[in-house]
Amino acid sequence: MFEPDEGRNAEKAREILVLGDWLTPHENFVPVLDKPMFFYWLVALSYKGFGISEWAARLPSALAALGCLLVVYGFARSRWGHWEALWSALILLSSVEFFLLARLAVSDMTLTFCTTLALCSFYAAVHDQSERARKIHCLVMYVALALGTLTKGLIAAAIPGMVYFVYLLLTKRWSILGKLYLAPGALVYLAIVAPWYLWVDARNPGFLRYYFWEEHFVRFASDEFDRSESWYYFVFVGAIGFLPWTMSVPMIIRRLWRKLDDKDLFLSLWAVCPFIFFSASKSQLPHYILPIFPALALLAGQAIVAGCAATRQQSRLLVLVWLVITGFLAYLGFGAVWPDLLPRKIRFPVAEKSIWIATGAALLFLTYAVFTFGKARRWWAGQSGSFILANCSVLVFSVVVSQVLEPASLNRSSKEVAQVSTPLRSENNQMVFYDTYMAGLPFYLSIERPIWVVYPKRKTTLMGSPYISKNLPSPALGYGKVLFTVEEFAEAWKQSSRPFRIIVKAKNVARLHKELDTRTKQLVAVGEYVLLTRE
């Protein structure tokens, strides 16, 4: 699991089962209220059904991605037709960012499913003439908005809300608001959202103020969390994240310029409004713009089908997509021979998986050769051949990316540290993080009591959490002290004869000796981390 987000989320869900507390999320037995609870519930239920594992932690994201594909397919099928639906689903499934986040234990895919469902339901409610169908669409919309808010806060309502507003503003269809059951919808929304927020604030006083002010407005308007990037940051993120279909964007723009109907306007606003919103934010991470990818996929799918009438145009686009994938594999292939061409962190994975890269490249050339030959012999008509080619290409691309990611993830995981630490632990040992923290280690160690966290000074985040740094919350009842200043730990070190197992970065060992005024014995080293005990 990638540090820190996957390990953190997997552990919070595990501690729901350990503590039996389905209200307050805990990490290392400390309350962490940076995010709402719904995603952790989903992962905990997955653990209940399939056991505690990496696979079970990631299952909710995979199911949410599948839900996005079904909603996108249904929207395109009902508004355009069969081929638009197939192309849109394929494009969404195979775009790099969507594909990767569908396989990670993070809440962004669940949020994206909720916003996609809310936006598609809104459009259906606005245009459906049947009152019964409109009621169903509205109910689905309000439930999706509520579950999204329980997943990641008010942003789940803000993303669809800004699209709703601008769409109604530009189309001047304000009268439709009277048909969207706003009052009953607000009651449904509050009935789902309010109980958890009010209950957790009652148990953790000050949560609502911290969460809505610090985690929403301060995060958006200031760079307190040190995540600010240039205004054009998401241009690059979107271009890379939408690969290999980024080449379709000029075709989309050209088609929209020539003809912009109501559906195109709605989808364009869906893609553009959140993009501008997050670009204006002082807190920017690559996965923030994931909710716009379904709209991009729908626009790209329609553009490809529209380009079918101009066979050359569609073939040119598919060749470009094929060249992007081939170029990527060629880059990895050259990197396997000349590692200096690659970023340091993926040099070993690429070398280890070079046979997969070579096989993928050979399959791509074979697929394109068969497609070209079949086209010349007229084995298939219409879009079937193009669609088969695209499927085969992105399948090879996805498999190779997965194979390279598998060993690369070890560079960003605490799993190896856990594996070498396990034989050196016992019931009497106290594990300690000294001026560092590995969010996934409690998950991999399956701890039943906290790992002490020693911090030399107050930072913006502690254990990776702004909430813990600002509030220093008390741990779960009966689990003792978890957070220690250096002075507090030095005192505990002197007074206790209990064996300690200290995890610290190698570069900080000398400082640890100075601050504790003692020497330690190194038990094992893994990468930049060492495990120490009393000398």
# chains A, B, ... in the order shown; residues from 1 in each chain; ligands from 1

call {"tool": "select_by_dssp", "arguments": {"residues": "segment 428-473 of chain A", "states": "strand (DSSP E or B)", "output": "VMD selection string"}}
result
chain A and resid 430 to 434 452 to 455 462 465

call {"tool": "write_last_selection", "arguments": {"atoms": "N, CA, C and O atoms", "output": "mmCIF file, in the first residue's frame"}}
result
data_model
loop_
_atom_site.group_PDB
_atom_site.id
_atom_site.type_symbol
_atom_site.label_atom_id
_atom_site.label_comp_id
_atom_site.auth_asym_id
_atom_site.auth_seq_id
_atom_site.Cartn_x
_atom_site.Cartn_y
_atom_site.Cartn_z
ATOM 1 N N GLN A 430 7.627 -2.096 23.501
ATOM 2 C CA GLN A 430 6.842 -0.920 23.138
ATOM 3 C C GLN A 430 7.425 -0.345 21.856
ATOM 4 O O GLN A 430 8.571 0.098 21.814
ATOM 5 N N MET A 431 6.639 -0.350 20.778
ATOM 6 C CA MET A 431 7.073 0.248 19.522
ATOM 7 C C MET A 431 6.986 1.764 19.622
ATOM 8 O O MET A 431 6.041 2.308 20.222
ATOM 9 N N VAL A 432 7.955 2.451 18.996
ATOM 10 C CA VAL A 432 8.025 3.916 19.075
ATOM 11 C C VAL A 432 8.405 4.464 17.702
ATOM 12 O O VAL A 432 9.329 3.951 17.049
ATOM 13 N N PHE A 433 7.688 5.511 17.263
ATOM 14 C CA PHE A 433 8.118 6.323 16.123
ATOM 15 C C PHE A 433 8.833 7.555 16.666
ATOM 16 O O PHE A 433 8.251 8.301 17.461
ATOM 17 N N TYR A 434 10.072 7.769 16.243
ATOM 18 C CA TYR A 434 10.816 8.933 16.727
ATOM 19 C C TYR A 434 10.969 9.945 15.597
ATOM 20 O O TYR A 434 11.706 9.729 14.641
ATOM 21 N N TRP A 452 3.907 4.388 20.149
ATOM 22 C CA TRP A 452 4.154 5.742 20.639
ATOM 23 C C TRP A 452 4.713 6.608 19.508
ATOM 24 O O TRP A 452 5.499 6.147 18.677
ATOM 25 N N VAL A 453 4.304 7.872 19.504
ATOM 26 C CA VAL A 453 4.774 8.833 18.508
ATOM 27 C C VAL A 453 5.475 9.966 19.242
ATOM 28 O O VAL A 453 4.856 10.691 20.028
ATOM 29 N N VAL A 454 6.778 10.108 18.991
ATOM 30 C CA VAL A 454 7.587 11.137 19.638
ATOM 31 C C VAL A 454 7.830 12.261 18.640
ATOM 32 O O VAL A 454 8.330 12.018 17.535
ATOM 33 N N TYR A 455 7.472 13.465 19.032
ATOM 34 C CA TYR A 455 7.646 14.604 18.130
ATOM 35 C C TYR A 455 8.515 15.660 18.814
ATOM 36 O O TYR A 455 8.291 16.016 19.965
ATOM 37 N N LEU A 462 0.844 16.288 12.463
ATOM 38 C CA LEU A 462 1.418 15.294 13.359
ATOM 39 C C LEU A 462 0.756 13.968 13.016
ATOM 40 O O LEU A 462 -0.474 13.900 12.912
ATOM 41 N N SER A 465 -1.507 14.407 10.198
ATOM 42 C CA SER A 465 -2.850 14.960 10.384
ATOM 43 C C SER A 465 -2.797 16.365 10.968
ATOM 44 O O SER A 465 -2.252 16.564 12.060
#

call {"tool": "residues_around", "arguments": {"residues": "Tyr197 of chain A", "least_positions_apart": "5", "cutoff": "10 Å", "atoms": "only C-alpha atoms", "output": "list in words"}}
result
Leu23, Pro36, Met37, Leu150, Ile192, Ala202, Phe207, Leu208 and Tyr211 of chain A

call {"tool": "write_last_selection", "arguments": {"atoms": "N, CA and C atoms", "output": "PDB file, in the first residue's frame"}}
result
ATOM      1  N   LEU A  23     -18.245   5.426  15.047  1.00  0.00           N
ATOM      2  CA  LEU A  23     -18.557   6.850  15.006  1.00  0.00           C
ATOM      3  C   LEU A  23     -17.321   7.708  14.747  1.00  0.00           C
ATOM      4  N   PRO A  36     -14.658  12.706   6.960  1.00  0.00           N
ATOM      5  CA  PRO A  36     -15.836  12.005   7.481  1.00  0.00           C
ATOM      6  C   PRO A  36     -15.650  10.486   7.458  1.00  0.00           C
ATOM      7  N   MET A  37     -16.695   9.759   7.816  1.00  0.00           N
ATOM      8  CA  MET A  37     -16.564   8.348   8.182  1.00  0.00           C
ATOM      9  C   MET A  37     -17.000   7.361   7.103  1.00  0.00           C
ATOM     10  N   LEU A 150     -20.727  12.657   3.275  1.00  0.00           N
ATOM     11  CA  LEU A 150     -20.226  11.778   4.327  1.00  0.00           C
ATOM     12  C   LEU A 150     -18.894  11.133   3.955  1.00  0.00           C
ATOM     13  N   ILE A 192     -29.631  12.189   6.179  1.00  0.00           N
ATOM     14  CA  ILE A 192     -28.505  11.267   5.988  1.00  0.00           C
ATOM     15  C   ILE A 192     -27.230  11.835   6.576  1.00  0.00           C
ATOM     16  N   ALA A 202     -20.714  15.979  19.266  1.00  0.00           N
ATOM     17  CA  ALA A 202     -21.081  15.830  20.679  1.00  0.00           C
ATOM     18  C   ALA A 202     -20.022  15.026  21.431  1.00  0.00           C
ATOM     19  N   PHE A 207     -15.362  19.729  16.924  1.00  0.00           N
ATOM     20  CA  PHE A 207     -15.123  19.098  15.624  1.00  0.00           C
ATOM     21  C   PHE A 207     -15.738  19.900  14.488  1.00  0.00           C
ATOM     22  N   LEU A 208     -16.999  20.311  14.620  1.00  0.00           N
ATOM     23  CA  LEU A 208     -17.678  20.986  13.513  1.00  0.00           C
ATOM     24  C   LEU A 208     -16.968  22.277  13.137  1.00  0.00           C
ATOM     25  N   TYR A 211     -13.644  21.259  11.461  1.00  0.00           N
ATOM     26  CA  TYR A 211     -13.786  20.580  10.179  1.00  0.00           C
ATOM     27  C   TYR A 211     -14.248  21.536   9.082  1.00  0.00           C
TER      28      TYR A 211
END

call {"tool": "atom_distance", "arguments": {"atom1": "atom CA of Ala369 of chain A", "atom2": "atom CA of Ser398 of chain A"}}
result
20.1 Å

call {"tool": "residues_around", "arguments": {"residues": "Phe328 of chain A", "least_positions_apart": "5", "cutoff": "10 Å", "atoms": "only C-alpha atoms", "output": "mmCIF file with C-alpha atoms, in the first residue's frame"}}
result
data_model
loop_
_atom_site.group_PDB
_atom_site.id
_atom_site.type_symbol
_atom_site.label_atom_id
_atom_site.label_comp_id
_atom_site.auth_asym_id
_atom_site.auth_seq_id
_atom_site.Cartn_x
_atom_site.Cartn_y
_atom_site.Cartn_z
ATOM 1 C CA PRO A 244 -3.814 7.906 -23.630
ATOM 2 C CA TRP A 322 -1.775 3.870 -30.269
ATOM 3 C CA LEU A 323 1.419 5.895 -30.723
ATOM 4 C CA GLY A 333 12.034 -0.427 -22.888
ATOM 5 C CA ILE A 357 7.274 -4.480 -21.385
ATOM 6 C CA ALA A 361 5.197 -3.881 -27.201
ATOM 7 C CA PHE A 397 -1.201 -0.590 -21.578
ATOM 8 C CA VAL A 401 1.358 -0.229 -15.969
#

call {"tool": "closest_residue", "arguments": {"among": "A:Glu84, A:Asp435, A:Glu406, A:Glu487", "to": "Lys505 of chain A", "atoms": "only C-alpha atoms"}}
result
A:Asp435

call {"tool": "residues_around", "arguments": {"residues": "Ser474 of chain A", "least_positions_apart": "5", "cutoff": "10 Å", "atoms": "only C-alpha atoms", "output": "PDB file with N, CA, C and O atoms, in the first residue's frame"}}
result
ATOM      1  N   PHE A  29      -4.983   4.392  17.316  1.00  0.00           N
ATOM      2  CA  PHE A  29      -5.833   4.544  18.507  1.00  0.00           C
ATOM      3  C   PHE A  29      -6.007   5.990  18.942  1.00  0.00           C
ATOM      4  O   PHE A  29      -6.450   6.257  20.054  1.00  0.00           O
ATOM      5  N   VAL A  30      -5.695   6.928  18.049  1.00  0.00           N
ATOM      6  CA  VAL A  30      -5.890   8.356  18.299  1.00  0.00           C
ATOM      7  C   VAL A  30      -7.012   8.852  17.384  1.00  0.00           C
ATOM      8  O   VAL A  30      -7.006   8.540  16.188  1.00  0.00           O
ATOM      9  N   PRO A  31      -7.999   9.609  17.899  1.00  0.00           N
ATOM     10  CA  PRO A  31      -9.050  10.148  17.030  1.00  0.00           C
ATOM     11  C   PRO A  31      -8.462  11.064  15.958  1.00  0.00           C
ATOM     12  O   PRO A  31      -7.649  11.944  16.259  1.00  0.00           O
ATOM     13  N   ILE A 468      -4.659  16.347  14.486  1.00  0.00           N
ATOM     14  CA  ILE A 468      -3.896  15.895  15.646  1.00  0.00           C
ATOM     15  C   ILE A 468      -2.918  16.973  16.091  1.00  0.00           C
ATOM     16  O   ILE A 468      -2.762  17.236  17.287  1.00  0.00           O
ATOM     17  N   TYR A 479      -6.238   3.071  26.402  1.00  0.00           N
ATOM     18  CA  TYR A 479      -5.053   2.760  25.609  1.00  0.00           C
ATOM     19  C   TYR A 479      -3.839   3.601  25.980  1.00  0.00           C
ATOM     20  O   TYR A 479      -2.806   3.513  25.335  1.00  0.00           O
ATOM     21  N   GLY A 480      -3.932   4.408  27.006  1.00  0.00           N
ATOM     22  CA  GLY A 480      -2.773   5.119  27.504  1.00  0.00           C
ATOM     23  C   GLY A 480      -2.290   6.222  26.584  1.00  0.00           C
ATOM     24  O   GLY A 480      -2.881   6.511  25.547  1.00  0.00           O
ATOM     25  N   LYS A 481      -1.180   6.811  26.979  1.00  0.00           N
ATOM     26  CA  LYS A 481      -0.620   7.943  26.245  1.00  0.00           C
ATOM     27  C   LYS A 481       0.013   7.462  24.944  1.00  0.00           C
ATOM     28  O   LYS A 481       0.661   6.413  24.900  1.00  0.00           O
ATOM     29  N   VAL A 482      -0.164   8.242  23.865  1.00  0.00           N
ATOM     30  CA  VAL A 482       0.380   7.888  22.552  1.00  0.00           C
ATOM     31  C   VAL A 482       1.355   8.947  22.053  1.00  0.00           C
ATOM     32  O   VAL A 482       2.403   8.619  21.497  1.00  0.00           O
ATOM     33  N   LEU A 483       1.025  10.211  22.247  1.00  0.00           N
ATOM     34  CA  LEU A 483       1.821  11.320  21.711  1.00  0.00           C
ATOM     35  C   LEU A 483       2.758  11.855  22.791  1.00  0.00           C
ATOM     36  O   LEU A 483       2.321  12.241  23.882  1.00  0.00           O
TER      37      LEU A 483
END

call {"tool": "residues_around", "arguments": {"residues": "Ser497 of chain A", "least_positions_apart": "6", "cutoff": "12 Å", "atoms": "only C-alpha atoms", "output": "MDAnalysis selection string"}}
result
chainID A and resid 428:430 491 533:534

call {"tool": "closest_residue", "arguments": {"among": "A:Ala146, A:Ala300, A:Leu267, A:Ile176", "to": "Leu90 of chain A", "atoms": "only C-alpha atoms"}}
result
A:Ala300

call {"tool": "select_by_dssp", "arguments": {"residues": "segment 84-227 of chain A", "states": "helix (DSSP H, G or I)", "output": "PyMOL selection string"}}
result
chain A and resi 84-94+96-101+108-127+131-152+155-171+174-179+182-203+207-221

call {"tool": "write_last_selection", "arguments": {"atoms": "C-alpha atoms", "output": "compact mmCIF listing (two decimals), in the first residue's frame"}}
result
# COMPACT_ATOMS: atom_id res chain seq x y z
CA GLU A 84 -21.18 6.48 -27.68
CA ALA A 85 -21.84 4.54 -24.48
CA LEU A 86 -19.22 1.89 -25.25
CA TRP A 87 -16.55 4.40 -26.23
CA SER A 88 -17.24 6.63 -23.21
CA ALA A 89 -16.96 3.70 -20.78
CA LEU A 90 -13.76 2.44 -22.42
CA ILE A 91 -12.16 5.89 -22.37
CA LEU A 92 -13.01 6.43 -18.70
CA LEU A 93 -11.85 2.96 -17.69
CA SER A 94 -8.48 3.27 -19.44
CA VAL A 96 -4.43 6.71 -16.39
CA GLU A 97 -5.67 8.60 -13.33
CA PHE A 98 -9.04 6.85 -13.21
CA PHE A 99 -7.40 3.45 -13.71
CA LEU A 100 -4.88 4.00 -10.92
CA LEU A 101 -7.26 5.48 -8.35
CA ASP A 108 -11.55 9.93 -4.17
CA MET A 109 -13.15 7.25 -6.33
CA THR A 110 -16.10 6.96 -3.95
CA LEU A 111 -16.48 10.75 -4.08
CA THR A 112 -16.31 10.64 -7.89
CA PHE A 113 -19.03 8.00 -8.04
CA CYS A 114 -21.28 10.15 -5.84
CA THR A 115 -20.71 13.33 -7.87
CA THR A 116 -21.15 11.46 -11.18
CA LEU A 117 -24.43 9.96 -9.99
CA ALA A 118 -25.63 13.32 -8.65
CA LEU A 119 -24.84 15.17 -11.89
CA CYS A 120 -26.33 12.57 -14.22
CA SER A 121 -29.45 12.32 -12.04
CA PHE A 122 -29.85 16.10 -12.11
CA TYR A 123 -29.68 16.22 -15.89
CA ALA A 124 -32.17 13.35 -16.16
CA ALA A 125 -34.54 15.08 -13.71
CA VAL A 126 -34.37 18.34 -15.64
CA HIS A 127 -35.25 16.69 -18.96
CA GLU A 131 -43.21 13.14 -12.84
CA ARG A 132 -42.64 9.70 -11.32
CA ALA A 133 -39.29 9.32 -13.09
CA ARG A 134 -38.31 12.86 -12.05
CA LYS A 135 -39.02 12.01 -8.41
CA ILE A 136 -36.76 8.96 -8.63
CA HIS A 137 -33.97 10.94 -10.28
CA CYS A 138 -34.22 13.66 -7.65
CA LEU A 139 -34.18 11.13 -4.81
CA VAL A 140 -31.06 9.50 -6.26
CA MET A 141 -29.45 12.93 -6.66
CA TYR A 142 -30.02 13.99 -3.05
CA VAL A 143 -28.89 10.62 -1.67
CA ALA A 144 -25.73 10.78 -3.81
CA LEU A 145 -24.98 14.32 -2.60
CA ALA A 146 -25.44 13.20 1.01
CA LEU A 147 -23.25 10.11 0.73
CA GLY A 148 -20.58 12.19 -0.99
CA THR A 149 -20.70 14.67 1.90
CA LEU A 150 -20.23 11.78 4.33
CA THR A 151 -17.27 10.66 2.23
CA LYS A 152 -15.29 13.89 1.82
CA ILE A 155 -16.87 19.48 -1.65
CA ALA A 156 -19.21 16.63 -2.65
CA ALA A 157 -22.08 19.12 -2.80
CA ALA A 158 -19.99 22.02 -4.08
CA ILE A 159 -18.80 20.25 -7.25
CA PRO A 160 -22.29 19.36 -8.55
CA GLY A 161 -23.71 22.57 -7.10
CA MET A 162 -21.48 24.87 -9.15
CA VAL A 163 -22.32 22.90 -12.31
CA TYR A 164 -26.07 23.07 -11.53
CA PHE A 165 -25.89 26.82 -10.95
CA VAL A 166 -23.90 27.78 -14.06
CA TYR A 167 -25.97 25.45 -16.25
CA LEU A 168 -29.25 27.00 -15.08
CA LEU A 169 -27.74 30.48 -15.38
CA LEU A 170 -26.65 29.98 -19.00
CA THR A 171 -29.80 28.15 -20.11
CA TRP A 174 -34.59 28.66 -13.31
CA SER A 175 -38.21 27.55 -13.44
CA ILE A 176 -37.04 23.94 -13.31
CA LEU A 177 -36.06 24.44 -9.68
CA GLY A 178 -39.73 24.18 -8.79
CA LYS A 179 -39.73 20.63 -10.16
CA LEU A 182 -35.87 21.17 -3.15
CA ALA A 183 -37.51 21.15 0.29
CA PRO A 184 -38.03 17.36 0.51
CA GLY A 185 -34.59 16.91 -1.03
CA ALA A 186 -32.97 19.08 1.63
CA LEU A 187 -34.69 17.01 4.31
CA VAL A 188 -33.42 13.77 2.75
CA TYR A 189 -29.92 15.24 2.54
CA LEU A 190 -29.92 16.41 6.16
CA ALA A 191 -31.48 13.18 7.42
CA ILE A 192 -28.51 11.27 5.99
CA VAL A 193 -25.72 13.76 6.75
CA ALA A 194 -26.66 15.48 10.01
CA PRO A 195 -26.75 12.51 12.45
CA TRP A 196 -23.09 11.59 12.06
CA TYR A 197 -21.81 15.18 12.05
CA LEU A 198 -23.83 16.16 15.13
CA TRP A 199 -23.10 12.95 17.00
CA VAL A 200 -19.35 13.07 16.39
CA ASP A 201 -19.28 16.75 17.46
CA ALA A 202 -21.08 15.83 20.68
CA ARG A 203 -18.42 13.22 21.41
CA PHE A 207 -15.12 19.10 15.62
CA LEU A 208 -17.68 20.99 13.51
CA ARG A 209 -15.87 24.27 13.82
CA TYR A 210 -12.49 22.69 13.02
CA TYR A 211 -13.79 20.58 10.18
CA PHE A 212 -15.85 23.14 8.30
CA TRP A 213 -13.48 26.06 8.89
CA GLU A 214 -10.00 24.50 8.82
CA GLU A 215 -10.60 21.58 6.45
CA HIS A 216 -12.72 23.56 3.97
CA PHE A 217 -12.20 27.32 3.97
CA VAL A 218 -8.64 27.53 5.34
CA ARG A 219 -7.49 24.64 3.14
CA PHE A 220 -8.97 26.35 0.06
CA ALA A 221 -7.90 29.91 0.76

call {"tool": "residues_around", "arguments": {"residues": "Trp245 of chain A", "least_positions_apart": "4", "cutoff": "9 Å", "atoms": "only C-alpha atoms", "output": "mmCIF file with N, CA, C and O atoms, in the first residue's frame"}}
result
data_model
loop_
_atom_site.group_PDB
_atom_site.id
_atom_site.type_symbol
_atom_site.label_atom_id
_atom_site.label_comp_id
_atom_site.auth_asym_id
_atom_site.auth_seq_id
_atom_site.Cartn_x
_atom_site.Cartn_y
_atom_site.Cartn_z
ATOM 1 N N ILE A 91 -13.064 4.754 -22.578
ATOM 2 C CA ILE A 91 -12.156 5.886 -22.367
ATOM 3 C C ILE A 91 -11.990 6.172 -20.887
ATOM 4 O O ILE A 91 -10.867 6.381 -20.387
ATOM 5 N N SER A 94 -9.892 3.392 -19.081
ATOM 6 C CA SER A 94 -8.479 3.266 -19.437
ATOM 7 C C SER A 94 -7.680 4.548 -19.255
ATOM 8 O O SER A 94 -6.463 4.538 -19.476
ATOM 9 N N SER A 95 -8.300 5.657 -18.875
ATOM 10 C CA SER A 95 -7.517 6.869 -18.612
ATOM 11 C C SER A 95 -6.663 6.638 -17.364
ATOM 12 O O SER A 95 -7.118 6.050 -16.378
ATOM 13 N N ALA A 239 -3.666 16.549 -18.377
ATOM 14 C CA ALA A 239 -3.090 16.026 -19.620
ATOM 15 C C ALA A 239 -2.475 14.656 -19.403
ATOM 16 O O ALA A 239 -2.636 13.747 -20.226
ATOM 17 N N VAL A 249 -8.650 15.627 -27.028
ATOM 18 C CA VAL A 249 -9.128 16.936 -26.558
ATOM 19 C C VAL A 249 -9.270 17.942 -27.695
ATOM 20 O O VAL A 249 -10.286 18.651 -27.777
ATOM 21 N N ALA A 297 -14.670 11.828 -20.500
ATOM 22 C CA ALA A 297 -14.865 10.562 -21.214
ATOM 23 C C ALA A 297 -16.123 10.605 -22.076
ATOM 24 O O ALA A 297 -16.126 10.114 -23.217
ATOM 25 N N ALA A 300 -15.376 12.805 -25.071
ATOM 26 C CA ALA A 300 -14.460 12.130 -25.991
ATOM 27 C C ALA A 300 -15.157 10.995 -26.725
ATOM 28 O O ALA A 300 -14.953 10.802 -27.938
ATOM 29 N N LEU A 317 -7.036 9.747 -34.959
ATOM 30 C CA LEU A 317 -7.063 9.807 -33.498
ATOM 31 C C LEU A 317 -6.607 8.483 -32.893
ATOM 32 O O LEU A 317 -5.787 8.456 -31.968
ATOM 33 N N LEU A 320 -2.961 8.082 -33.108
ATOM 34 C CA LEU A 320 -2.283 8.890 -32.098
ATOM 35 C C LEU A 320 -2.329 8.224 -30.727
ATOM 36 O O LEU A 320 -1.329 8.201 -29.997
ATOM 37 N N VAL A 321 -3.497 7.672 -30.376
ATOM 38 C CA VAL A 321 -3.627 6.960 -29.100
ATOM 39 C C VAL A 321 -2.670 5.774 -29.074
ATOM 40 O O VAL A 321 -1.966 5.526 -28.078
ATOM 41 N N VAL A 324 0.847 6.953 -28.586
ATOM 42 C CA VAL A 324 1.121 7.350 -27.196
ATOM 43 C C VAL A 324 1.456 6.123 -26.357
ATOM 44 O O VAL A 324 2.435 6.103 -25.598
#
